[in-house]
Structures are given as C-alpha cells and as structure tokens.
>>> print(open('structure-v9.txt').read())   # compact mmCIF, C-alpha atoms (C1' of nucleotides)
# COMPACT_ATOMS: atom_id res chain seq x y z
CA MET A 1 99.81 120.72 100.12
CA GLY A 2 101.98 121.90 102.94
CA TRP A 3 105.17 121.42 101.03
CA ARG A 4 106.71 124.38 99.23
CA ALA A 5 109.56 124.41 96.74
CA VAL A 6 112.46 126.71 97.53
CA ASP A 7 111.85 129.95 95.71
CA ARG A 8 114.72 130.03 93.28
CA ALA A 9 113.96 133.59 92.26
CA GLU A 10 115.02 134.67 95.73
CA LEU A 11 118.23 132.70 95.87
CA THR A 12 120.45 135.51 94.62
CA SER A 13 118.40 138.48 95.77
CA THR A 14 120.24 139.65 98.87
CA ALA A 15 123.53 137.82 98.45
CA GLN A 16 126.32 139.53 100.35
CA ASN A 17 128.96 137.11 99.12
CA ALA A 18 129.48 137.55 95.41
CA GLU A 19 131.94 134.62 95.41
CA ALA A 20 130.70 131.07 95.97
CA PRO A 21 130.27 130.35 99.70
CA ASP A 22 132.23 127.41 101.10
CA TYR A 23 129.06 125.67 102.34
CA LEU A 24 126.04 125.50 100.05
CA LEU A 25 123.00 124.25 101.94
CA GLU A 26 121.13 123.09 98.85
CA ASP A 27 123.99 120.72 97.92
CA GLN A 28 124.10 118.87 101.27
CA VAL A 29 122.68 115.34 101.52
CA GLY A 30 120.91 116.06 104.76
CA HIS A 31 119.01 119.00 103.34
CA LEU A 32 118.06 117.06 100.20
CA LEU A 33 116.91 114.07 102.26
CA ARG A 34 114.79 116.35 104.39
CA ARG A 35 113.18 118.03 101.37
CA ALA A 36 112.55 114.72 99.60
CA HIS A 37 110.91 113.44 102.78
CA GLN A 38 108.78 116.59 102.98
CA ARG A 39 107.63 116.11 99.39
CA HIS A 40 106.80 112.46 100.06
CA THR A 41 104.72 113.39 103.12
CA SER A 42 102.83 115.93 101.03
CA ILE A 43 102.11 113.30 98.34
CA PHE A 44 101.02 110.87 101.06
CA GLN A 45 98.50 113.26 102.56
CA ALA A 46 97.08 114.09 99.13
CA ASN A 47 96.60 110.43 98.17
CA ILE A 48 95.70 108.52 101.32
CA GLY A 49 92.13 109.63 100.77
CA ASP A 50 89.32 110.10 103.22
CA GLN A 51 90.94 108.07 106.01
CA GLN A 52 92.85 110.37 108.32
CA LEU A 53 96.12 108.41 108.43
CA THR A 54 99.66 109.69 108.87
CA PRO A 55 102.65 107.95 107.24
CA LEU A 56 103.71 106.46 110.60
CA GLN A 57 100.22 105.19 111.43
CA PHE A 58 100.02 103.65 107.96
CA ALA A 59 103.44 102.01 108.38
CA ALA A 60 102.44 100.51 111.73
CA LEU A 61 99.18 99.12 110.31
CA MET A 62 100.88 97.64 107.25
CA LYS A 63 103.66 96.02 109.27
CA LEU A 64 101.17 94.61 111.73
CA ALA A 65 99.20 93.12 108.83
CA ASP A 66 102.48 91.61 107.66
CA VAL A 67 103.59 89.95 110.90
CA GLY A 68 100.15 89.36 112.40
CA GLU A 69 101.04 90.06 116.01
CA ALA A 70 103.82 91.92 117.78
CA SER A 71 104.70 93.67 121.03
CA GLN A 72 105.02 97.46 120.97
CA ASN A 73 108.82 97.49 121.06
CA HIS A 74 109.03 94.75 118.44
CA LEU A 75 106.71 96.61 116.07
CA GLY A 76 108.70 99.73 116.77
CA ARG A 77 111.92 98.07 115.61
CA LEU A 78 110.20 96.72 112.50
CA THR A 79 108.99 100.21 111.58
CA ALA A 80 112.02 102.20 112.83
CA MET A 81 110.19 104.05 115.61
CA ASP A 82 111.52 104.28 119.15
CA ALA A 83 109.41 103.27 122.13
CA ALA A 84 108.41 106.82 123.01
CA THR A 85 107.21 107.62 119.48
CA MET A 86 105.38 104.31 119.33
CA GLN A 87 103.35 105.35 122.37
CA GLY A 88 101.56 108.12 120.51
CA VAL A 89 101.08 106.19 117.28
CA ILE A 90 99.60 103.15 119.08
CA LYS A 91 97.41 105.30 121.28
CA ARG A 92 95.78 107.01 118.30
CA LEU A 93 95.26 103.73 116.39
CA ILE A 94 93.68 102.10 119.45
CA ALA A 95 91.42 105.13 119.95
CA ARG A 96 90.12 104.58 116.41
CA ASP A 97 89.65 100.82 116.97
CA LEU A 98 92.07 99.93 114.19
CA ILE A 99 94.32 97.84 116.45
CA ALA A 100 93.78 96.01 119.75
CA ARG A 101 96.15 95.46 122.68
CA ARG A 102 96.23 92.48 125.06
CA PRO A 103 98.73 91.25 127.64
CA ASP A 104 101.19 88.56 126.58
CA PRO A 105 100.42 85.43 128.68
CA ASP A 106 104.07 84.31 128.45
CA ASP A 107 105.70 87.63 129.41
CA ARG A 108 103.91 89.98 131.72
CA ARG A 109 106.01 92.95 130.54
CA ARG A 110 104.68 92.75 127.00
CA LEU A 111 101.51 93.98 125.34
CA LEU A 112 100.62 92.17 122.12
CA LEU A 113 99.17 94.21 119.26
CA THR A 114 96.83 92.89 116.55
CA LEU A 115 94.67 94.43 113.84
CA THR A 116 90.95 94.63 114.54
CA THR A 117 88.39 93.63 111.91
CA GLU A 118 88.09 97.30 111.09
CA GLY A 119 91.87 97.56 110.86
CA VAL A 120 92.10 94.62 108.45
CA ALA A 121 89.40 96.19 106.27
CA LEU A 122 91.27 99.49 106.16
CA VAL A 123 94.56 97.78 105.28
CA ASP A 124 92.88 95.92 102.41
CA LYS A 125 91.42 99.13 101.09
CA ALA A 126 94.56 101.25 101.52
CA THR A 127 97.22 98.93 100.13
CA ALA A 128 96.69 100.10 96.56
CA ARG A 129 96.98 103.69 97.77
CA GLY A 130 100.35 102.87 99.30
CA HIS A 131 101.76 101.68 96.00
CA GLU A 132 100.29 104.70 94.24
CA ILE A 133 102.02 106.99 96.75
CA SER A 134 105.38 105.31 96.20
CA ASP A 135 104.94 105.62 92.43
CA GLN A 136 104.14 109.31 92.61
CA THR A 137 107.09 109.95 94.92
CA LEU A 138 109.43 108.35 92.39
CA GLY A 139 107.56 110.04 89.55
CA PRO A 140 110.31 112.51 88.57
CA LEU A 141 112.74 109.63 87.93
CA ALA A 142 112.85 107.64 84.72
CA PRO A 143 111.70 104.03 85.31
CA ALA A 144 115.23 102.77 84.74
CA ASP A 145 116.60 105.14 87.39
CA ARG A 146 114.17 104.14 90.13
CA GLN A 147 115.70 100.80 91.03
CA ALA A 148 119.19 102.28 90.98
CA PHE A 149 118.08 105.09 93.28
CA LEU A 150 116.38 102.74 95.75
CA LYS A 151 119.45 100.52 95.84
CA LEU A 152 121.71 103.46 96.72
CA LEU A 153 119.19 104.91 99.18
CA ARG A 154 118.89 101.59 101.00
CA ARG A 155 122.64 101.63 101.67
CA LEU A 156 122.21 104.88 103.59
CA THR A 157 119.76 103.33 106.06
CA ASP A 158 121.75 100.45 107.61
CA MET B 1 122.91 107.42 119.13
CA GLY B 2 119.15 107.63 118.78
CA TRP B 3 119.04 105.79 115.52
CA ARG B 4 118.59 102.04 115.46
CA ALA B 5 118.84 99.68 112.51
CA VAL B 6 115.83 97.45 111.92
CA ASP B 7 116.47 94.15 113.65
CA ARG B 8 116.57 91.79 110.71
CA ALA B 9 116.65 88.75 112.99
CA GLU B 10 113.09 89.61 113.99
CA LEU B 11 111.74 90.13 110.50
CA THR B 12 110.46 86.59 110.07
CA SER B 13 109.88 85.68 113.69
CA THR B 14 106.13 86.01 114.04
CA ALA B 15 105.13 86.10 110.38
CA GLN B 16 101.56 85.00 109.84
CA ASN B 17 101.77 85.29 106.08
CA ALA B 18 104.11 82.65 104.70
CA GLU B 19 103.64 84.06 101.17
CA ALA B 20 105.11 87.42 100.25
CA PRO B 21 102.78 90.23 101.37
CA ASP B 22 101.55 92.62 98.69
CA TYR B 23 103.01 95.66 100.50
CA LEU B 24 106.52 95.44 101.91
CA LEU B 25 107.24 98.43 104.10
CA GLU B 26 111.02 98.15 103.82
CA ASP B 27 110.83 98.49 100.02
CA GLN B 28 108.85 101.76 99.98
CA VAL B 29 110.62 105.02 99.12
CA GLY B 30 108.97 106.91 101.93
CA HIS B 31 110.18 104.49 104.57
CA LEU B 32 113.70 104.47 103.14
CA LEU B 33 113.78 108.27 102.97
CA ARG B 34 112.66 108.45 106.58
CA ARG B 35 115.31 105.98 107.75
CA ALA B 36 118.06 107.67 105.76
CA HIS B 37 117.04 110.99 107.30
CA GLN B 38 117.08 109.41 110.78
CA ARG B 39 120.59 108.10 110.18
CA HIS B 40 121.76 111.50 108.95
CA THR B 41 120.34 113.21 112.04
CA SER B 42 122.19 110.73 114.23
CA ILE B 43 125.47 111.40 112.38
CA PHE B 44 124.83 115.13 112.71
CA GLN B 45 124.38 115.01 116.47
CA ALA B 46 127.51 112.89 116.88
CA ASN B 47 129.68 115.26 114.83
CA ILE B 48 128.44 118.78 115.45
CA GLY B 49 130.61 118.82 118.55
CA ASP B 50 130.21 120.74 121.76
CA GLN B 51 127.84 123.34 120.29
CA GLN B 52 124.25 122.29 120.94
CA LEU B 53 122.90 122.78 117.43
CA THR B 54 120.11 120.93 115.63
CA PRO B 55 120.19 120.34 111.86
CA LEU B 56 117.54 123.04 111.31
CA GLN B 57 119.33 125.60 113.48
CA PHE B 58 122.56 124.84 111.62
CA ALA B 59 120.82 125.22 108.24
CA ALA B 60 119.35 128.59 109.24
CA LEU B 61 122.73 129.89 110.43
CA MET B 62 124.54 128.70 107.30
CA LYS B 63 121.93 130.18 104.95
CA LEU B 64 121.98 133.45 106.83
CA ALA B 65 125.77 133.56 106.52
CA ASP B 66 125.27 132.96 102.80
CA VAL B 67 122.71 135.69 102.08
CA GLY B 68 123.76 138.12 104.81
CA GLU B 69 120.30 139.37 105.73
CA ALA B 70 116.76 138.08 105.29
CA SER B 71 113.25 138.33 106.71
CA GLN B 72 111.88 135.33 108.61
CA ASN B 73 109.63 134.12 105.81
CA HIS B 74 112.36 134.64 103.23
CA LEU B 75 114.88 132.64 105.24
CA GLY B 76 112.19 130.02 105.75
CA ARG B 77 111.76 129.60 102.01
CA LEU B 78 115.51 129.39 101.51
CA THR B 79 115.79 126.61 104.11
CA ALA B 80 112.46 124.85 103.36
CA MET B 81 110.83 125.63 106.71
CA ASP B 82 107.32 127.01 107.03
CA ALA B 83 106.62 130.18 109.02
CA ALA B 84 105.40 128.32 112.10
CA THR B 85 108.49 126.09 112.30
CA MET B 86 110.71 129.10 111.72
CA GLN B 87 109.26 130.73 114.85
CA GLY B 88 110.79 128.16 117.17
CA VAL B 89 114.12 127.92 115.36
CA ILE B 90 114.58 131.70 115.32
CA LYS B 91 113.51 132.05 118.94
CA ARG B 92 116.15 129.59 120.14
CA LEU B 93 118.92 131.13 118.02
CA ILE B 94 118.07 134.63 119.30
CA ALA B 95 118.02 133.35 122.90
CA ARG B 96 121.60 132.16 122.36
CA ASP B 97 122.67 135.45 120.75
CA LEU B 98 123.64 133.76 117.51
CA ILE B 99 121.32 135.90 115.38
CA ALA B 100 119.73 139.34 115.82
CA ARG B 101 116.34 140.65 114.69
CA ARG B 102 115.47 144.23 113.72
CA PRO B 103 112.47 145.83 112.01
CA ASP B 104 112.71 146.47 108.28
CA PRO B 105 112.57 150.28 107.79
CA ASP B 106 111.00 149.83 104.35
CA ASP B 107 108.28 147.33 105.32
CA ARG B 108 106.81 147.40 108.79
CA ARG B 109 105.55 143.81 108.48
CA ARG B 110 109.05 142.40 108.16
CA LEU B 111 111.74 141.55 110.71
CA LEU B 112 115.25 141.40 109.30
CA LEU B 113 117.58 138.70 110.60
CA THR B 114 121.38 138.89 110.71
CA LEU B 115 124.19 136.89 112.31
CA THR B 116 125.72 138.34 115.46
CA THR B 117 129.50 138.43 115.94
CA GLU B 118 129.13 135.28 117.99
CA GLY B 119 127.03 133.73 115.22
CA VAL B 120 129.66 134.51 112.58
CA ALA B 121 132.35 132.95 114.78
CA LEU B 122 130.29 129.79 115.22
CA VAL B 123 129.61 129.51 111.48
CA ASP B 124 133.33 129.83 110.73
CA LYS B 125 134.14 127.10 113.22
CA ALA B 126 131.31 124.74 112.23
CA THR B 127 131.59 124.85 108.43
CA ALA B 128 134.21 122.10 108.33
CA ARG B 129 131.96 119.98 110.56
CA GLY B 130 129.15 120.40 108.08
CA HIS B 131 131.20 118.95 105.24
CA GLU B 132 132.39 116.14 107.49
CA ILE B 133 128.77 115.28 108.33
CA SER B 134 127.79 115.16 104.65
CA ASP B 135 130.78 112.91 103.92
CA GLN B 136 129.91 110.48 106.69
CA THR B 137 126.27 110.37 105.61
CA LEU B 138 127.36 109.38 102.10
CA GLY B 139 130.02 107.08 103.54
CA PRO B 140 128.39 103.78 102.55
CA LEU B 141 128.41 104.80 98.88
CA ALA B 142 131.40 104.43 96.58
CA PRO B 143 132.78 107.85 95.59
CA ALA B 144 131.60 107.33 92.02
CA ASP B 145 128.04 106.63 93.21
CA ARG B 146 127.70 109.74 95.38
CA GLN B 147 127.23 112.28 92.61
CA ALA B 148 124.77 109.99 90.82
CA PHE B 149 122.78 109.56 94.02
CA LEU B 150 122.66 113.28 94.77
CA LYS B 151 121.54 114.02 91.23
CA LEU B 152 118.63 111.57 91.49
CA LEU B 153 117.75 112.70 95.02
CA ARG B 154 117.62 116.34 93.95
CA ARG B 155 114.96 115.49 91.36
CA LEU B 156 112.70 114.27 94.17
CA THR B 157 112.74 117.64 95.93
CA ASP B 158 111.39 120.04 93.31
C1' DC C 1 118.64 80.18 144.63
C1' DC C 2 119.69 84.99 144.56
C1' DC C 3 121.72 88.95 142.45
C1' DC C 4 122.07 91.59 138.43
C1' DA C 5 121.90 93.10 133.89
C1' DA C 6 118.70 93.49 130.10
C1' DT C 7 114.08 94.27 128.29
C1' DT C 8 109.29 96.24 128.25
C1' DG C 9 106.25 99.86 128.47
C1' DT C 10 105.51 104.61 130.38
C1' DT C 11 106.21 109.54 131.23
C1' DC C 12 108.59 114.06 130.82
C1' DG C 13 110.90 117.58 128.28
C1' DT C 14 112.57 119.56 124.02
C1' DA C 15 112.50 120.25 119.11
C1' DC C 16 110.71 119.82 114.47
C1' DA C 17 106.50 119.92 111.05
C1' DC C 18 102.58 121.96 109.37
C1' DG C 19 97.41 123.21 108.81
C1' DA C 20 94.61 126.85 110.24
C1' DA C 21 93.29 131.15 111.83
C1' DC C 22 94.47 135.82 113.19
C1' DG C 23 95.73 141.09 113.06
C1' DA C 24 98.70 144.30 110.79
C1' DT C 25 100.62 145.97 106.75
C1' DG C 26 101.49 146.44 101.78
C1' DG C 27 100.39 146.83 96.81
C1' DT C 28 96.86 147.10 93.11
C1' DC C 29 93.02 148.29 90.51
C1' DG C 30 88.75 150.47 89.55
C1' DC D 1 90.51 157.39 97.39
C1' DG D 2 88.73 152.86 98.73
C1' DA D 3 87.82 148.03 98.29
C1' DC D 4 90.47 144.03 97.80
C1' DC D 5 93.80 140.66 98.04
C1' DA D 6 98.55 139.07 99.06
C1' DT D 7 102.14 138.88 102.41
C1' DC D 8 104.30 139.09 107.11
C1' DG D 9 104.73 137.37 111.58
C1' DT D 10 102.22 135.04 115.41
C1' DT D 11 99.59 131.58 117.94
C1' DC D 12 97.09 127.17 118.61
C1' DG D 13 96.50 122.29 118.01
C1' DT D 14 98.07 117.78 116.51
C1' DG D 15 101.61 114.60 115.39
C1' DT D 16 106.27 112.86 114.89
C1' DA D 17 111.16 112.25 116.97
C1' DC D 18 114.07 111.01 120.63
C1' DG D 19 117.04 111.38 125.05
C1' DA D 20 116.41 110.39 129.75
C1' DA D 21 114.58 108.44 133.72
C1' DC D 22 111.42 105.15 135.86
C1' DA D 23 109.00 100.65 137.80
C1' DA D 24 107.97 96.00 136.67
C1' DT D 25 109.51 91.90 134.88
C1' DT D 26 112.58 88.49 132.84
C1' DG D 27 116.67 85.57 132.15
C1' DG D 28 121.26 84.27 133.19
C1' DG D 29 125.51 83.52 136.08
C1' DG D 30 127.60 82.61 140.27
>>> encode(input="structure-v9.txt", output="structure tokens")
Amino acid sequence: MGWRAVDRAELTSTAQNAEAPDYLLEDQVGHLLRRAHQRHTSIFQANIGDQQLTPLQFAALMKLADVGEASQNHLGRLTAMDAATMQGVIKRLIARDLIARRPDPDDRRRLLLTLTTEGVALVDKATARGHEISDQTLGPLAPADRQAFLKLLRRLTD
Amino acid sequence: MGWRAVDRAELTSTAQNAEAPDYLLEDQVGHLLRRAHQRHTSIFQANIGDQQLTPLQFAALMKLADVGEASQNHLGRLTAMDAATMQGVIKRLIARDLIARRPDPDDRRRLLLTLTTEGVALVDKATARGHEISDQTLGPLAPADRQAFLKLLRRLTD
DNA sequence: CCCCAATTGTTCGTACACGAACGATGGTCG
DNA sequence: CGACCATCGTTCGTGTACGAACAATTGGGG
C-alpha cells in the first residue's frame, strides 16, 4: 500500500561518483531494518481487515489478552513502548471500548488495564490474522531460513 | 538512551493464562523488527556525536553525496521516504544550510537538491561514524553471522 | 517517623510515517 | 491542437516515537 520499493532504475542515473562511494546507504543495517519494518507495516495494513487497527494497537491488545491485567507502564514495557507513546495508544483503544481502565486499589498511582468483552471478541477474531501477517512478512525466505533469521534478529533486540 | 529492553522479570508476573497463548508477541517478526530498529536508533543517537542529526537526515545527506544532485521525489525514492516525509527532512536540512534547493531549468515542477560546502564537510566528517554505528548495531552477532543476516534481511525489503 | 529516591501517569515539543487531496506542470495520443 | 493522465511538490490529518519536565504517590533508610 504505502510502501514503495527503491527504484533501482534510478540508482545510477545521476551518479557523480563513478567510483564506489565509501558509504553505501542500501548496505547499512539501519536502512535495511527500516525498510523491512516499512514492508511489514504495509502487509499488516493490507491483512488486518475491516478493523481499523495499527500494529501498536494490535500488540497492546494481544499482550493484554496474554497477561490479563496490567498497569500502563507495565504493558508499555511488555510491548516496548515508552510511557508517552502508550498514552496515545491507550487513549484510542479506550475510545473504541476495546479496553477499560480502573484505579489500582493497592497503589493509587496506577491505572489497571483490562480487555472489554468487545476487546476479547476482537482478539479472538484477529489472532489468525496476526499469524497470517507474520507468515507473509517472512514470505520471501525459504522455510528453513526463517528460524535462522528470527534467531539472529532476536539477538539485535536485547 | 531512549530504548529499553523488555523487562523479562515481569513477563510471567500477572499471567492469567497458565497455558501457552496462541499468539506470542515476542516471537512475531514485526515486533522483533520494530525492537531491532529501536535499538539501532538508540545506537545512532549515541554515536552520531555533537551534530544533531537524525537517521533520516543522515540518510538523505549520504545519498545526496552519493548521487550529487536529485529532485525531492527522486531522493525520496532512493532513501525510501515518501514525498510528505521528505518535506520535513528537507526543510530542516535547508534551515541548517546543509543542503540547497534550486529550480530545475528543464522541468518547472522539480526542485533540485545539492549539498552545500558545509554539508559536504559534515558528510566527510560523519562517514566514519556511520560505519561505526552499523558495526555496533551488528555487534551481538558473530562476524560470520553478519553477512548471512544482512542477506536474509535484504530479501524482506524488496 | 521523616526524608528522599524511585515509580506512575501526564503533558509538551520535535521528528518520522503515510494516506489523501490539491494545483501546477509535463508528456502522450488521437 | 486538445483531452488526458502521470508526475512534482505541498498541505492536512492521524498515529507512532521519545526526551524532558511535572505532580502525586510509594517504599526504604536513617
């Protein structure tokens, strides 16, 4: 959808350096990670279906279904979002009645988050979509390469 | 810096499902790509030095140094940014006198971008930093694994 | 018990990311 | 030539991302 492949036909069009430059953007990990993430987001939007869910909103819902109940900061750590980002994600999910927020009786600083009935229903319906999205993202890799890739990728996240 | 590892001590704290859930966020490619990209951004900010440059601004400068001259949309395709994102990146680089913009005499729709003297000087000084950042990002992988990882990652970007 | 450092949630400001719509220009084809 | 469609740059709106500062609350050490 939004994602566009780099136009390779243009790569050598206006080159001023005939020799190889000492820094090639398309060989850098950061650039490749960014493009792979762009492609994944595009696949996500095309497959999540009618529900208007972003990858972060989906991640928050799925993690909340996993742990049952969590404070905002806790859920943020579990999904790798900082407190400020969490604000917006939570706000939009609450506005759609997919999650509910109540004060923690044991700690007046905290707000406990849970899925609503509607949220549980959406999670049940969207779980298969999630796996489908992961499959399509890894689609270009041979089945044998996928586990190896995930193992290496996971090392770059700790 | 901004990036935080998922707190593994909290992963099982409030679990309501004793059995394994059917969708584990931390095993999904999209989540891992996002976290790896977060970590890379953090490494970038810590190593780019005194210059206040973001990864996208750095990419635009480096690509422009590579091709010499390009229109906004062309440079956007070469760096995988859409036209709207390019607006902000270009605006900030022009405000800092790192790049210059002039109308294309052959096509009145286009604006040609080039590095200024100051921009060339910054690129020369920052190139080594760029390689250092890529090395640190791949740091957790054994040297033999790095090429294999990049090869697989590149397949997920086309 | 009181002070103090840490944690929680919130807001502000800046910077990507991209769909969508727009006016201006360019090339093409009948 | 003229209708037509693609491309260029721009703007608007929504949604991440995150540093920084803030008030309220908690827990621990002296």
>>> calpha_fit_and_write(input="structure-v9.txt", fixed="chain A", moving="chain B", output="short mmCIF file (atom, residue, chain, number, x, y, z; two decimals) with C-alpha atoms, in the frame of the given file")
data_model
loop_
_atom_site.label_atom_id
_atom_site.label_comp_id
_atom_site.auth_asym_id
_atom_site.auth_seq_id
_atom_site.Cartn_x
_atom_site.Cartn_y
_atom_site.Cartn_z
CA MET B 1 99.79 120.98 100.22
CA GLY B 2 102.14 121.84 103.06
CA TRP B 3 105.25 121.40 101.01
CA ARG B 4 106.77 124.34 99.19
CA ALA B 5 109.60 124.36 96.68
CA VAL B 6 112.50 126.68 97.48
CA ASP B 7 111.89 129.95 95.69
CA ARG B 8 114.81 130.02 93.30
CA ALA B 9 114.03 133.60 92.25
CA GLU B 10 115.04 134.67 95.75
CA LEU B 11 118.28 132.72 95.91
CA THR B 12 120.48 135.56 94.71
CA SER B 13 118.38 138.50 95.82
CA THR B 14 120.17 139.66 98.95
CA ALA B 15 123.47 137.83 98.54
CA GLN B 16 126.28 139.50 100.42
CA ASN B 17 128.89 137.07 99.19
CA ALA B 18 129.44 137.52 95.47
CA GLU B 19 131.91 134.59 95.46
CA ALA B 20 130.67 131.06 95.97
CA PRO B 21 130.26 130.32 99.70
CA ASP B 22 132.21 127.39 101.10
CA TYR B 23 129.03 125.65 102.34
CA LEU B 24 126.02 125.49 100.03
CA LEU B 25 123.00 124.25 101.92
CA GLU B 26 121.13 123.08 98.83
CA ASP B 27 123.98 120.72 97.91
CA GLN B 28 124.10 118.87 101.25
CA VAL B 29 122.67 115.34 101.50
CA GLY B 30 120.90 116.05 104.74
CA HIS B 31 119.00 118.99 103.32
CA LEU B 32 118.06 117.06 100.19
CA LEU B 33 116.91 114.06 102.25
CA ARG B 34 114.78 116.35 104.38
CA ARG B 35 113.18 118.03 101.37
CA ALA B 36 112.55 114.73 99.61
CA HIS B 37 110.91 113.43 102.77
CA GLN B 38 108.78 116.59 102.99
CA ARG B 39 107.63 116.11 99.41
CA HIS B 40 106.79 112.46 100.06
CA THR B 41 104.73 113.39 103.12
CA SER B 42 102.82 115.92 101.04
CA ILE B 43 102.11 113.30 98.34
CA PHE B 44 101.03 110.88 101.06
CA GLN B 45 98.49 113.26 102.57
CA ALA B 46 97.07 114.08 99.14
CA ASN B 47 96.60 110.42 98.19
CA ILE B 48 95.71 108.52 101.33
CA GLY B 49 92.12 109.56 100.75
CA ASP B 50 89.32 110.07 103.20
CA GLN B 51 90.95 108.03 105.98
CA GLN B 52 92.86 110.35 108.30
CA LEU B 53 96.12 108.42 108.44
CA THR B 54 99.67 109.69 108.89
CA PRO B 55 102.65 107.95 107.25
CA LEU B 56 103.71 106.46 110.60
CA GLN B 57 100.23 105.18 111.43
CA PHE B 58 100.02 103.65 107.95
CA ALA B 59 103.44 102.00 108.36
CA ALA B 60 102.44 100.50 111.72
CA LEU B 61 99.18 99.11 110.31
CA MET B 62 100.88 97.64 107.24
CA LYS B 63 103.67 96.02 109.27
CA LEU B 64 101.17 94.61 111.72
CA ALA B 65 99.19 93.12 108.83
CA ASP B 66 102.47 91.61 107.64
CA VAL B 67 103.60 89.97 110.89
CA GLY B 68 100.16 89.35 112.38
CA GLU B 69 101.06 90.05 116.00
CA ALA B 70 103.84 91.92 117.78
CA SER B 71 104.71 93.67 121.03
CA GLN B 72 105.03 97.46 120.98
CA ASN B 73 108.82 97.51 121.06
CA HIS B 74 109.03 94.76 118.45
CA LEU B 75 106.71 96.60 116.08
CA GLY B 76 108.72 99.74 116.77
CA ARG B 77 111.91 98.06 115.62
CA LEU B 78 110.20 96.73 112.52
CA THR B 79 108.98 100.22 111.58
CA ALA B 80 112.03 102.19 112.83
CA MET B 81 110.19 104.04 115.61
CA ASP B 82 111.53 104.32 119.14
CA ALA B 83 109.41 103.28 122.13
CA ALA B 84 108.39 106.84 123.00
CA THR B 85 107.19 107.64 119.47
CA MET B 86 105.38 104.32 119.33
CA GLN B 87 103.33 105.34 122.38
CA GLY B 88 101.53 108.11 120.53
CA VAL B 89 101.06 106.19 117.29
CA ILE B 90 99.61 103.16 119.09
CA LYS B 91 97.38 105.31 121.29
CA ARG B 92 95.76 107.00 118.29
CA LEU B 93 95.26 103.73 116.39
CA ILE B 94 93.66 102.09 119.45
CA ALA B 95 91.39 105.13 119.94
CA ARG B 96 90.13 104.57 116.39
CA ASP B 97 89.66 100.82 116.93
CA LEU B 98 92.09 99.93 114.17
CA ILE B 99 94.33 97.85 116.44
CA ALA B 100 93.80 96.02 119.74
CA ARG B 101 96.18 95.48 122.67
CA ARG B 102 96.25 92.50 125.04
CA PRO B 103 98.75 91.28 127.65
CA ASP B 104 101.21 88.60 126.60
CA PRO B 105 100.43 85.48 128.72
CA ASP B 106 104.06 84.37 128.51
CA ASP B 107 105.70 87.69 129.45
CA ARG B 108 103.91 90.09 131.74
CA ARG B 109 106.03 93.03 130.54
CA ARG B 110 104.72 92.78 126.99
CA LEU B 111 101.53 94.01 125.33
CA LEU B 112 100.62 92.19 122.14
CA LEU B 113 99.17 94.21 119.27
CA THR B 114 96.84 92.91 116.56
CA LEU B 115 94.67 94.42 113.83
CA THR B 116 90.96 94.63 114.55
CA THR B 117 88.39 93.62 111.91
CA GLU B 118 88.08 97.28 111.07
CA GLY B 119 91.87 97.55 110.85
CA VAL B 120 92.09 94.61 108.45
CA ALA B 121 89.40 96.17 106.26
CA LEU B 122 91.27 99.48 106.15
CA VAL B 123 94.56 97.77 105.27
CA ASP B 124 92.89 95.90 102.41
CA LYS B 125 91.43 99.12 101.06
CA ALA B 126 94.56 101.25 101.52
CA THR B 127 97.22 98.91 100.12
CA ALA B 128 96.68 100.08 96.54
CA ARG B 129 96.98 103.68 97.76
CA GLY B 130 100.32 102.86 99.30
CA HIS B 131 101.75 101.67 95.99
CA GLU B 132 100.28 104.69 94.23
CA ILE B 133 102.01 106.99 96.74
CA SER B 134 105.38 105.30 96.20
CA ASP B 135 104.93 105.61 92.42
CA GLN B 136 104.13 109.31 92.60
CA THR B 137 107.07 109.95 94.92
CA LEU B 138 109.41 108.35 92.38
CA GLY B 139 107.54 110.05 89.54
CA PRO B 140 110.28 112.50 88.56
CA LEU B 141 112.70 109.63 87.92
CA ALA B 142 112.83 107.63 84.70
CA PRO B 143 111.68 104.04 85.28
CA ALA B 144 115.21 102.77 84.70
CA ASP B 145 116.59 105.13 87.37
CA ARG B 146 114.15 104.13 90.11
CA GLN B 147 115.68 100.78 91.00
CA ALA B 148 119.18 102.28 90.96
CA PHE B 149 118.06 105.08 93.26
CA LEU B 150 116.36 102.74 95.72
CA LYS B 151 119.43 100.52 95.82
CA LEU B 152 121.70 103.46 96.70
CA LEU B 153 119.18 104.90 99.17
CA ARG B 154 118.89 101.58 100.99
CA ARG B 155 122.64 101.61 101.65
CA LEU B 156 122.22 104.86 103.58
CA THR B 157 119.78 103.31 106.06
CA ASP B 158 121.75 100.44 107.58
#
>>> closest_atom_pairs(input="structure-v9.txt", of="chain D", to="chain B", cutoff="9 Å", atoms="only C-alpha atoms (C1' of nucleotides)", output="CSV")
residue,atom,partner,partner_atom,distance
D:DT7,C1',B:Arg109,CA,8.5
D:DC8,C1',B:Arg109,CA,5.1
D:DG9,C1',B:Arg109,CA,7.2
D:DT10,C1',B:Ala84,CA,8.1
D:DT11,C1',B:Ala84,CA,8.9
D:DC18,C1',B:Gly2,CA,6.4
D:DG19,C1',B:Gly2,CA,7.6
>>> interface_residues(input="structure-v9.txt", of="chain A", to="chain B", cutoff="8 Å", atoms="only C-alpha atoms", output="ChimeraX atom specification")
/A:4-7,10-12,14-17,21-25,28-30,32-37,39-41,59,62-63,66-70,74,77-80,127,130-131,134,137-138,140-141,145,149-150,152-158
>>> interface_residues(input="structure-v9.txt", of="chain C", to="chain A", cutoff="8 Å", atoms="all atoms listed in the file", output="MDAnalysis selection string")
chainID C and resid 8:9 18:19
>>> atom_distance(input="structure-v9.txt", atom1="atom C1' of DG15 of chain D", atom2="atom CA of Ile94 of chain B")
26.2 Å
